[in-house]
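The structure appears below as structure tokens.
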Protein chains: 2
Amino acid sequence: MRIIVATCSAEYSGRLNARLPYAKRVILIKADNSCLIFSELGSYKPLNWMAAPCTVKEHEVEADEAVHMNAIDVDDTDAAGEEHVPTRILEVAAAKSSDILTVTLYSVESDTTTDLGTDPGLIKDGVEDHLQRYLAEQIERIGKGARLVRREYPTAIGPVDIMAIDAEGTNVAIEIKRHGGIDGVEQLTRYCKLLNRDPLLAPVRGIFAAQTISPQARVLAQDRGFECLILDYEDMKGTKSDDITLF
Amino acid sequence: MRIIVATCSAEYSGRLNARLPYAKRVILIKADNSCLIFSELGSYKPLNWMAAPCTVKEHEVEADEAVHMNAIDVDDTDAAGEEHVPTRILEVAAAKSSDILTVTLYSVESDTTTDLGTDPGLIKDGVEDHLQRYLAEQIERIGKGARLVRREYPTAIGPVDIMAIDAEGTNVAIEIKRHGGIDGVEQLTRYCKLLNRDPLLAPVRGIFAAQTISPQARVLAQDRGFECLILDYEDMKGTKSDDITLF
DNA sequence: AGGTGTAGTTAGCGA
DNA sequence: TCGCTAAGTACACCT
């Protein structure tokens with residue numbers, strides 16, 4: 001990993017064209033040559049970047065070249081209109097496309113390289129899969145007397161998240177999302193339409209279950225006769241079994 | 001911006017729980033306290049992070065505390081099983097939720113702080129909005145004699161990208177995507193279904209326009225009677241008006 | 001390798 | 001602010 005702190009300007013050309021005016025920024029160049037340019041604000045997304053696989057070419061800017069650049073490049077003026085002289089240029093080019101990120105360095109505050117080695121990687125634990133698992137365990141959340149048929153119930157157009165049978169013996173298809181949007185309702189619609197063609201299953205009720213459901217999705221779901229069920233993750237997690245947290 | 005190069009382990013607790021085993025990494029702490037942890041690989045997404053608004057608390061680990069931690073914390077062993085002694089702990093806590101990112105530092109290679117100031121920001125040029133703008137300007141790309149009704153034509157279920165009228169006087173709803181997938185076809189389907197209920201508009205044709213269209217989406221679109229239109233961005237950009245690039 | 005669906009998505013825009 | 005949708009999305013999974 002190479003870490004550069006420098007005033008710079010940058011230009012990206014690829015799917016879109018974007019440019020960064022003259023300012024002080026942090027530039028990371030990783031072992032795979034991928035390049036990230038950060039400012040003080042914003043979330044984890046860099047201002048500009050190049051994804052691997054890519055190559056980095058670097059060259060010093062000669063004095064006469066710098067003069068020439070000043071004549072054609074307008075990004076070398078800071079917010080106050082002051083002009084600056086480029087000293088070095090990084091050309092980061094994508095290997096499989098013509099995407100290119102050109103970073104022009106002016107004043108370099110620091111430029112260090114360190115080898116981080118390979119990372120053992122992130123270990124995750126618990127998102128949508130857990131919602132499905134918990135609801136399967138606590139299937140009576142869809143109604144007293146309900147029984148689980150199976151999770152990931154296979155159909156020709158993909159697996160239904162949960163199939164169950166309610167107290168009246170009616171089949172129930174459940175679509176689970178962390179956030180329920182219109183897409184999810186469409187998905188549930190396709191499943192129910194298909195399942196209802198099977199005389200052994202019909203009628204099949206649909207339940208749209210999510211931690212949050214957008215108003216438009218709720219209207220669409222109800223319009224199509226689906227029940228909406230809000231899932232409380234913490235509640236489900238707490239109910240999951242007789243924990244050691246009984247004290 | 002504070003830049004730390006150090007061996008560390010980390011733990012995140014929030015929407016999910018995730019942990020990073022002992023390894024050497026780069027840690028950025030931005031002016032808004034947001035924190036990013038990077039390894040040598042992966043795209044621009046950090047291994048782990050905390051988004052602003054958040055607070056950072058830092059404390060040295062006393063020798064006896066370190067011994068205690070070693071007894072309960074299993075992440076202080078490296079890939080070779082060697083144990084390490086924590087020296088410092090960063091607790092990055094979200095301001096509006098109980099999300100917390102705990103970074104345990106072991107050996108610190110460097111720890112520098114620099115003020116980047118406010119960034120003038122990224123200037124973009126050319127994404128979906130531009131595709132829409134260009135197609136609106138060059139509406140005859142959907143057929144000779146076509147006229148534009150309006151961009152972002154409002155309906156109860158959201159705006160149609162472009163409404164137009166073809167040479168025969170038939171209304172045309174156009175859905176524009178950079179890459180056309182099945183979702184886009186579903187979207188166009190909903191719009192056309194709704195618009196066709198209006199006797200003042202019906203019949204309404206649908207056109208699915210994108211720079212690229214997935215084979216499955218194309219089949220689905222054609223199955224639903226929609227025309228598929230490939231948009232050539234460079235071509236549209238070149239046609240946009242009488243440029244100075246005539247030479 | 002290409003398609004599909006999720007993301008601790010993030011970012012931008014309009015109501 | 002809420003809600004929706006695109007993103008130079010990234011990333012995991014599956015065919």
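Convention: chains lettered A, B, ... in structure tokens order; per-chain residue numbering from 1; ligands numbered from 1 as shown.
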
As a compact mmCIF listing (two decimals) with N, CA, C and O atoms, in the first residue's frame, please: every residue in segment 1-246 of chain B that a backbone DSSP assignment puts in alpha helix (DSSP H).
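Below is the file that was written, states-v9.txt:
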```
# COMPACT_ATOMS: atom_id res chain seq x y z
N ALA B 63 -0.84 -2.55 31.02
CA ALA B 63 -0.24 -3.89 30.96
C ALA B 63 -1.18 -4.95 31.54
O ALA B 63 -1.41 -6.00 30.92
N ASP B 64 -1.78 -4.66 32.70
CA ASP B 64 -2.63 -5.69 33.32
C ASP B 64 -3.92 -5.89 32.53
O ASP B 64 -4.44 -6.99 32.42
N GLU B 65 -4.40 -4.77 31.93
CA GLU B 65 -5.59 -4.87 31.10
C GLU B 65 -5.30 -5.73 29.87
O GLU B 65 -6.11 -6.54 29.44
N ALA B 66 -4.10 -5.53 29.33
CA ALA B 66 -3.68 -6.30 28.16
C ALA B 66 -3.68 -7.79 28.47
O ALA B 66 -4.14 -8.62 27.69
N VAL B 67 -3.19 -8.12 29.65
CA VAL B 67 -3.18 -9.52 30.07
C VAL B 67 -4.61 -10.05 30.16
O VAL B 67 -4.94 -11.13 29.66
N HIS B 68 -5.48 -9.22 30.75
CA HIS B 68 -6.88 -9.61 30.87
C HIS B 68 -7.51 -9.84 29.50
O HIS B 68 -8.20 -10.82 29.26
N MET B 69 -7.25 -8.89 28.57
CA MET B 69 -7.80 -9.00 27.22
C MET B 69 -7.32 -10.28 26.54
O MET B 69 -8.08 -10.96 25.88
N ASN B 70 -6.04 -10.54 26.72
CA ASN B 70 -5.50 -11.76 26.11
C ASN B 70 -6.27 -12.99 26.58
O ASN B 70 -6.44 -13.95 25.83
N ALA B 71 -6.76 -12.91 27.82
CA ALA B 71 -7.46 -14.06 28.37
C ALA B 71 -8.84 -14.25 27.74
O ALA B 71 -9.33 -15.37 27.64
N ILE B 72 -9.47 -13.13 27.29
CA ILE B 72 -10.84 -13.28 26.78
C ILE B 72 -10.95 -13.06 25.28
O ILE B 72 -11.86 -13.56 24.64
N GLU B 128 -27.09 8.55 -16.52
CA GLU B 128 -28.41 8.26 -17.06
C GLU B 128 -29.21 9.52 -17.37
O GLU B 128 -29.95 9.59 -18.35
N ASP B 129 -29.04 10.49 -16.50
CA ASP B 129 -29.73 11.75 -16.74
C ASP B 129 -29.39 12.30 -18.12
O ASP B 129 -30.25 12.84 -18.82
N HIS B 130 -28.13 12.14 -18.52
CA HIS B 130 -27.70 12.63 -19.83
C HIS B 130 -28.34 11.82 -20.96
O HIS B 130 -28.72 12.36 -21.99
N LEU B 131 -28.42 10.50 -20.75
CA LEU B 131 -29.06 9.66 -21.76
C LEU B 131 -30.48 10.16 -22.00
O LEU B 131 -30.92 10.30 -23.14
N GLN B 132 -31.17 10.45 -20.89
CA GLN B 132 -32.55 10.90 -20.98
C GLN B 132 -32.63 12.25 -21.70
O GLN B 132 -33.46 12.45 -22.59
N ARG B 133 -31.72 13.13 -21.30
CA ARG B 133 -31.70 14.46 -21.91
C ARG B 133 -31.45 14.37 -23.42
O ARG B 133 -32.17 14.98 -24.21
N TYR B 134 -30.45 13.57 -23.80
CA TYR B 134 -30.12 13.44 -25.22
C TYR B 134 -31.27 12.82 -26.00
O TYR B 134 -31.61 13.28 -27.09
N LEU B 135 -31.88 11.76 -25.46
CA LEU B 135 -32.96 11.10 -26.20
C LEU B 135 -34.16 12.03 -26.34
O LEU B 135 -34.83 12.05 -27.36
N ALA B 136 -34.39 12.85 -25.32
CA ALA B 136 -35.47 13.83 -25.39
C ALA B 136 -35.20 14.83 -26.52
O ALA B 136 -36.09 15.18 -27.29
N GLU B 137 -33.92 15.25 -26.61
CA GLU B 137 -33.53 16.20 -27.66
C GLU B 137 -33.62 15.57 -29.05
O GLU B 137 -33.93 16.22 -30.02
N ILE B 182 -34.09 -7.05 -16.17
CA ILE B 182 -35.48 -7.45 -16.02
C ILE B 182 -36.27 -6.43 -15.22
O ILE B 182 -37.42 -6.14 -15.54
N ASP B 183 -35.66 -5.85 -14.21
CA ASP B 183 -36.33 -4.83 -13.39
C ASP B 183 -36.89 -3.70 -14.25
O ASP B 183 -38.00 -3.23 -14.04
N GLY B 184 -36.08 -3.26 -15.20
CA GLY B 184 -36.48 -2.17 -16.06
C GLY B 184 -37.72 -2.52 -16.88
O GLY B 184 -38.60 -1.68 -17.08
N VAL B 185 -37.77 -3.78 -17.34
CA VAL B 185 -38.93 -4.22 -18.12
C VAL B 185 -40.18 -4.24 -17.23
O VAL B 185 -41.26 -3.81 -17.64
N GLU B 186 -39.99 -4.71 -15.99
CA GLU B 186 -41.12 -4.73 -15.04
C GLU B 186 -41.64 -3.32 -14.81
O GLU B 186 -42.83 -3.06 -14.75
N GLN B 187 -40.70 -2.40 -14.68
CA GLN B 187 -41.05 -1.01 -14.45
C GLN B 187 -41.87 -0.47 -15.61
O GLN B 187 -42.94 0.11 -15.41
N LEU B 188 -41.37 -0.70 -16.82
CA LEU B 188 -42.08 -0.24 -18.02
C LEU B 188 -43.46 -0.88 -18.10
O LEU B 188 -44.44 -0.23 -18.49
N THR B 189 -43.53 -2.16 -17.73
CA THR B 189 -44.81 -2.87 -17.74
C THR B 189 -45.83 -2.19 -16.84
O THR B 189 -46.98 -1.96 -17.23
N ARG B 190 -45.40 -1.83 -15.63
CA ARG B 190 -46.31 -1.17 -14.69
C ARG B 190 -46.81 0.15 -15.25
O ARG B 190 -48.00 0.46 -15.19
N TYR B 191 -45.88 0.94 -15.83
CA TYR B 191 -46.27 2.23 -16.38
C TYR B 191 -47.29 2.05 -17.50
O TYR B 191 -48.31 2.72 -17.53
N CYS B 192 -46.99 1.15 -18.44
CA CYS B 192 -47.86 0.98 -19.60
C CYS B 192 -49.24 0.49 -19.19
O CYS B 192 -50.25 0.93 -19.72
N LYS B 193 -49.26 -0.43 -18.22
CA LYS B 193 -50.53 -0.97 -17.73
C LYS B 193 -51.39 0.17 -17.18
O LYS B 193 -52.57 0.30 -17.50
N LEU B 194 -50.75 1.01 -16.37
CA LEU B 194 -51.47 2.12 -15.77
C LEU B 194 -51.93 3.12 -16.81
O LEU B 194 -53.10 3.53 -16.84
N LEU B 195 -51.02 3.50 -17.71
CA LEU B 195 -51.33 4.52 -18.72
C LEU B 195 -52.43 4.04 -19.66
O LEU B 195 -53.26 4.82 -20.11
N PRO B 215 -29.91 -10.25 -22.41
CA PRO B 215 -30.70 -11.12 -23.28
C PRO B 215 -32.06 -11.47 -22.66
O PRO B 215 -33.09 -11.42 -23.32
N GLN B 216 -32.05 -11.78 -21.36
CA GLN B 216 -33.30 -12.14 -20.68
C GLN B 216 -34.28 -10.98 -20.67
O GLN B 216 -35.48 -11.16 -20.87
N ALA B 217 -33.77 -9.79 -20.43
CA ALA B 217 -34.62 -8.61 -20.41
C ALA B 217 -35.20 -8.36 -21.80
O ALA B 217 -36.37 -7.99 -21.94
N ARG B 218 -34.37 -8.58 -22.82
CA ARG B 218 -34.82 -8.37 -24.20
C ARG B 218 -35.98 -9.31 -24.53
O ARG B 218 -37.01 -8.88 -25.09
N VAL B 219 -35.83 -10.57 -24.17
CA VAL B 219 -36.88 -11.57 -24.44
C VAL B 219 -38.17 -11.17 -23.71
O VAL B 219 -39.24 -11.15 -24.30
N LEU B 220 -38.01 -10.81 -22.43
CA LEU B 220 -39.19 -10.42 -21.64
C LEU B 220 -39.87 -9.20 -22.24
O LEU B 220 -41.09 -9.15 -22.36
N ALA B 221 -39.08 -8.21 -22.63
CA ALA B 221 -39.62 -6.98 -23.19
C ALA B 221 -40.40 -7.27 -24.48
O ALA B 221 -41.53 -6.82 -24.65
N GLN B 222 -39.78 -8.05 -25.35
CA GLN B 222 -40.43 -8.35 -26.62
C GLN B 222 -41.68 -9.19 -26.40
O GLN B 222 -42.70 -8.99 -27.06
N ASP B 223 -41.62 -10.09 -25.41
CA ASP B 223 -42.77 -10.91 -25.06
C ASP B 223 -43.95 -10.04 -24.63
O ASP B 223 -45.10 -10.36 -24.85
N TYR B 233 -24.27 6.25 -26.63
CA TYR B 233 -24.02 7.51 -25.92
C TYR B 233 -23.13 8.45 -26.70
O TYR B 233 -23.45 9.63 -26.87
N GLU B 234 -22.02 7.90 -27.21
CA GLU B 234 -21.08 8.75 -27.94
C GLU B 234 -21.73 9.36 -29.17
O GLU B 234 -21.55 10.54 -29.47
N ASP B 235 -22.53 8.52 -29.86
CA ASP B 235 -23.24 8.98 -31.05
C ASP B 235 -24.21 10.10 -30.70
O ASP B 235 -24.25 11.15 -31.35
N MET B 236 -24.97 9.89 -29.62
CA MET B 236 -25.96 10.89 -29.20
C MET B 236 -25.27 12.18 -28.79
O MET B 236 -25.74 13.27 -29.09
N LYS B 237 -24.15 12.02 -28.09
CA LYS B 237 -23.38 13.17 -27.64
C LYS B 237 -22.88 13.97 -28.83
O LYS B 237 -22.95 15.19 -28.85
N GLY B 238 -22.43 13.22 -29.85
CA GLY B 238 -21.91 13.87 -31.05
C GLY B 238 -22.98 14.60 -31.82
O GLY B 238 -22.73 15.64 -32.42
N THR B 239 -24.20 14.07 -31.80
CA THR B 239 -25.31 14.64 -32.56
C THR B 239 -25.94 15.84 -31.86
O THR B 239 -26.74 16.55 -32.43
```

Using 10 Å as the limit and counting only C-alpha atoms (C1' of nucleotides), can you tabulate each residue of chain A that touches chain D, with its shortest atom-to-atom distance in Å and the two atoms involved, as a tab-separated table?
```
residue	atom	partner	partner_atom	distance
A:Tyr12	CA	D:DG8	C1'	8.9
A:Ser13	CA	D:DG8	C1'	8.9
A:Gly14	CA	D:DG8	C1'	6.8
A:Arg15	CA	D:DG8	C1'	5.5
A:Leu16	CA	D:DG8	C1'	6.5
A:Asn17	CA	D:DG8	C1'	8.9
A:Ala18	CA	D:DG8	C1'	9.5
A:Lys45	CA	D:DT9	C1'	9.9
A:Asn48	CA	D:DG8	C1'	9.0
A:Trp49	CA	D:DG8	C1'	8.6
A:Met50	CA	D:DG8	C1'	8.6
A:Ala51	CA	D:DG8	C1'	9.3
A:Asp99	CA	D:DG8	C1'	8.9
A:Gly181	CA	D:DC4	C1'	9.5
A:Ser214	CA	D:DG3	C1'	7.7
A:Pro215	CA	D:DG3	C1'	8.6
A:Gln216	CA	D:DG3	C1'	9.2
```

Chain A contacts to chain B at 9 Å (only C-alpha atoms) as a ChimeraX atom specification:
/A:1,3,5-7,15-26,29-32,34-36,39-52,79,114-127,183,186,216

Would you save the residues of that selection, restricted to C-alpha atoms, as a PDB file, in the first residue's frame?
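File written: out-v6.pdb
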```
ATOM      1  CA  MET A   1       0.000   0.000   0.000  1.00  0.00           C
ATOM      2  CA  ILE A   3      -0.074   6.365   0.805  1.00  0.00           C
ATOM      3  CA  VAL A   5      -0.781  13.045   0.893  1.00  0.00           C
ATOM      4  CA  ALA A   6      -0.615  15.770  -1.688  1.00  0.00           C
ATOM      5  CA  THR A   7      -2.360  18.605  -3.408  1.00  0.00           C
ATOM      6  CA  ARG A  15     -18.343   5.152 -18.258  1.00  0.00           C
ATOM      7  CA  LEU A  16     -18.545   8.794 -17.406  1.00  0.00           C
ATOM      8  CA  ASN A  17     -16.142  11.670 -17.319  1.00  0.00           C
ATOM      9  CA  ALA A  18     -15.370  13.262 -14.002  1.00  0.00           C
ATOM     10  CA  ARG A  19     -12.749  15.612 -12.718  1.00  0.00           C
ATOM     11  CA  LEU A  20     -11.455  16.780  -9.373  1.00  0.00           C
ATOM     12  CA  PRO A  21     -10.205  20.328  -9.105  1.00  0.00           C
ATOM     13  CA  TYR A  22      -6.982  21.266  -7.319  1.00  0.00           C
ATOM     14  CA  ALA A  23      -7.087  20.400  -3.599  1.00  0.00           C
ATOM     15  CA  LYS A  24      -5.215  18.519  -0.908  1.00  0.00           C
ATOM     16  CA  ARG A  25      -6.219  14.867  -0.684  1.00  0.00           C
ATOM     17  CA  VAL A  26      -5.132  11.415   0.431  1.00  0.00           C
ATOM     18  CA  ILE A  29      -2.540   2.812  -4.177  1.00  0.00           C
ATOM     19  CA  LYS A  30      -3.084  -0.790  -3.210  1.00  0.00           C
ATOM     20  CA  ALA A  31      -1.062  -3.896  -4.015  1.00  0.00           C
ATOM     21  CA  ASP A  32      -3.260  -4.647  -7.038  1.00  0.00           C
ATOM     22  CA  SER A  34      -6.191  -0.017  -7.562  1.00  0.00           C
ATOM     23  CA  CYS A  35      -6.228   3.645  -6.651  1.00  0.00           C
ATOM     24  CA  LEU A  36      -8.494   5.565  -4.252  1.00  0.00           C
ATOM     25  CA  SER A  39     -11.216  13.895   1.014  1.00  0.00           C
ATOM     26  CA  GLU A  40     -12.205  14.642   4.613  1.00  0.00           C
ATOM     27  CA  LEU A  41     -15.923  14.124   4.070  1.00  0.00           C
ATOM     28  CA  GLY A  42     -18.323  11.636   2.578  1.00  0.00           C
ATOM     29  CA  SER A  43     -18.813   8.015   3.481  1.00  0.00           C
ATOM     30  CA  TYR A  44     -16.503   5.173   2.548  1.00  0.00           C
ATOM     31  CA  LYS A  45     -16.764   5.914  -1.146  1.00  0.00           C
ATOM     32  CA  PRO A  46     -13.706   7.710  -2.519  1.00  0.00           C
ATOM     33  CA  LEU A  47     -14.096  10.909  -4.525  1.00  0.00           C
ATOM     34  CA  ASN A  48     -12.573   9.081  -7.459  1.00  0.00           C
ATOM     35  CA  TRP A  49     -10.936   5.707  -7.951  1.00  0.00           C
ATOM     36  CA  MET A  50      -9.745   3.013 -10.327  1.00  0.00           C
ATOM     37  CA  ALA A  51     -10.624  -0.601  -9.646  1.00  0.00           C
ATOM     38  CA  ALA A  52      -8.253  -3.496 -10.269  1.00  0.00           C
ATOM     39  CA  ALA A  79     -10.390  27.823  -4.991  1.00  0.00           C
ATOM     40  CA  THR A 114       4.240  -0.308   3.267  1.00  0.00           C
ATOM     41  CA  ASP A 115       3.391  -3.944   2.629  1.00  0.00           C
ATOM     42  CA  LEU A 116       0.263  -5.047   4.496  1.00  0.00           C
ATOM     43  CA  GLY A 117       0.453  -8.651   3.305  1.00  0.00           C
ATOM     44  CA  THR A 118      -2.659 -10.680   2.607  1.00  0.00           C
ATOM     45  CA  ASP A 119      -5.649 -10.044   4.835  1.00  0.00           C
ATOM     46  CA  PRO A 120      -7.417 -12.905   6.612  1.00  0.00           C
ATOM     47  CA  GLY A 121     -10.660 -11.177   5.651  1.00  0.00           C
ATOM     48  CA  LEU A 122     -13.907 -10.129   7.250  1.00  0.00           C
ATOM     49  CA  ILE A 123     -16.075 -12.552   9.171  1.00  0.00           C
ATOM     50  CA  LYS A 124     -19.764 -11.652   8.931  1.00  0.00           C
ATOM     51  CA  ASP A 125     -22.565 -12.864  11.065  1.00  0.00           C
ATOM     52  CA  GLY A 126     -26.233 -12.321  10.425  1.00  0.00           C
ATOM     53  CA  VAL A 127     -28.440 -10.436   7.961  1.00  0.00           C
ATOM     54  CA  ASP A 183     -39.585  -5.294  -6.497  1.00  0.00           C
ATOM     55  CA  GLU A 186     -43.483  -8.203  -7.877  1.00  0.00           C
ATOM     56  CA  GLN A 216     -45.871   2.310  -2.221  1.00  0.00           C
TER      57      GLN A 216
END
```

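Chain B and chain A, identical in sequence, superpose over all their Cα atoms with an RMSD of 1.3 Å.
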
Kindly provide, as a list in words, the residues of chain C having any atom no farther than 12 Å from an atom of chain A, counting only C-alpha atoms (C1' of nucleotides).
DT4, DG5, DT6, DA7, DG8, DT9, DT10 and DA11 of chain C

Using N, CA and C atoms (P, O5', C5', C4', C3', O3' and C1' of nucleotides), can you export the residues from the last selection as a tab-separated table (two decimals), in the first residue's frame?
```
chain	number	residue	atom	x	y	z
C	4	DT	P	-30.79	-12.22	-15.37
C	4	DT	O5'	-30.71	-12.41	-13.78
C	4	DT	C5'	-30.64	-13.72	-13.24
C	4	DT	C4'	-30.65	-13.66	-11.72
C	4	DT	C3'	-31.46	-12.48	-11.14
C	4	DT	O3'	-32.28	-12.94	-10.09
C	4	DT	C1'	-29.27	-12.48	-10.25
C	5	DG	P	-33.39	-11.99	-9.42
C	5	DG	O5'	-32.75	-11.61	-8.00
C	5	DG	C5'	-32.43	-12.66	-7.09
C	5	DG	C4'	-31.65	-12.10	-5.91
C	5	DG	C3'	-32.28	-10.84	-5.28
C	5	DG	O3'	-32.26	-10.98	-3.86
C	5	DG	C1'	-30.02	-10.44	-5.82
C	6	DT	P	-32.90	-9.85	-2.92
C	6	DT	O5'	-31.66	-9.43	-2.01
C	6	DT	C5'	-30.91	-10.44	-1.34
C	6	DT	C4'	-29.62	-9.88	-0.79
C	6	DT	C3'	-29.79	-8.66	0.14
C	6	DT	O3'	-28.97	-8.85	1.28
C	6	DT	C1'	-28.28	-8.14	-1.59
C	7	DA	P	-29.03	-7.80	2.42
C	7	DA	O5'	-27.80	-6.84	2.07
C	7	DA	C5'	-26.47	-7.37	2.01
C	7	DA	C4'	-25.47	-6.23	1.96
C	7	DA	C3'	-25.79	-5.05	2.89
C	7	DA	O3'	-24.58	-4.49	3.42
C	7	DA	C1'	-25.72	-4.28	0.66
C	8	DG	P	-23.63	-5.47	4.38
C	8	DG	O5'	-23.96	-4.90	5.81
C	8	DG	C5'	-25.29	-4.86	6.27
C	8	DG	C4'	-25.55	-3.56	6.99
C	8	DG	C3'	-25.53	-2.34	6.07
C	8	DG	O3'	-26.53	-1.40	6.46
C	8	DG	C1'	-23.83	-2.13	7.72
C	9	DT	P	-27.84	-1.29	5.40
C	9	DT	O5'	-27.04	-1.14	4.04
C	9	DT	C5'	-26.63	0.16	3.57
C	9	DT	C4'	-25.33	0.03	2.83
C	9	DT	C3'	-24.86	1.38	2.31
C	9	DT	O3'	-23.81	1.85	3.18
C	9	DT	C1'	-25.02	-0.23	0.52
C	10	DT	P	-23.87	3.28	3.81
C	10	DT	O5'	-23.39	4.23	2.62
C	10	DT	C5'	-22.21	3.91	1.90
C	10	DT	C4'	-22.16	4.72	0.63
C	10	DT	C3'	-22.48	6.21	0.83
C	10	DT	O3'	-21.59	6.98	0.03
C	10	DT	C1'	-23.98	5.30	-0.73
C	11	DA	P	-21.64	8.55	0.14
C	11	DA	O5'	-22.57	8.97	-1.08
C	11	DA	C5'	-22.19	8.58	-2.39
C	11	DA	C4'	-23.16	9.17	-3.39
C	11	DA	C3'	-23.55	10.63	-3.14
C	11	DA	O3'	-23.51	11.33	-4.37
C	11	DA	C1'	-25.49	9.27	-3.31
```

Have a look at atom CA of Pro203 of chain B and atom CA of Ala167 of chain B and let me know their distance in Å, one decimal.
14.1 Å

Tell me, which residues of segment 65-234 of chain A carry DSSP strand (DSSP E), written as a ChimeraX atom specification?
/A:88-94,100-113,123-125,147-153,160-165,171-180,204-213,227-230

Quick check, in Å to one decimal: how far apart do atom CA of Val85 of chain B and atom CA of Val61 of chain B lie?
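That distance, rounded to one decimal, is 9.2 Å.
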
Set the distance at 9 Å and use only C-alpha atoms (C1' of nucleotides): which residues neighbour Gly145 of chain B once local chain neighbours fewer than 5 positions away are removed? I'd like the list as a VMD selection string.
chain B and resid 139 to 140 165 to 168

Atomic distance atom CA of Pro154 of chain B - atom CA of His179 of chain A, expressed in Å with one decimal
24.9 Å
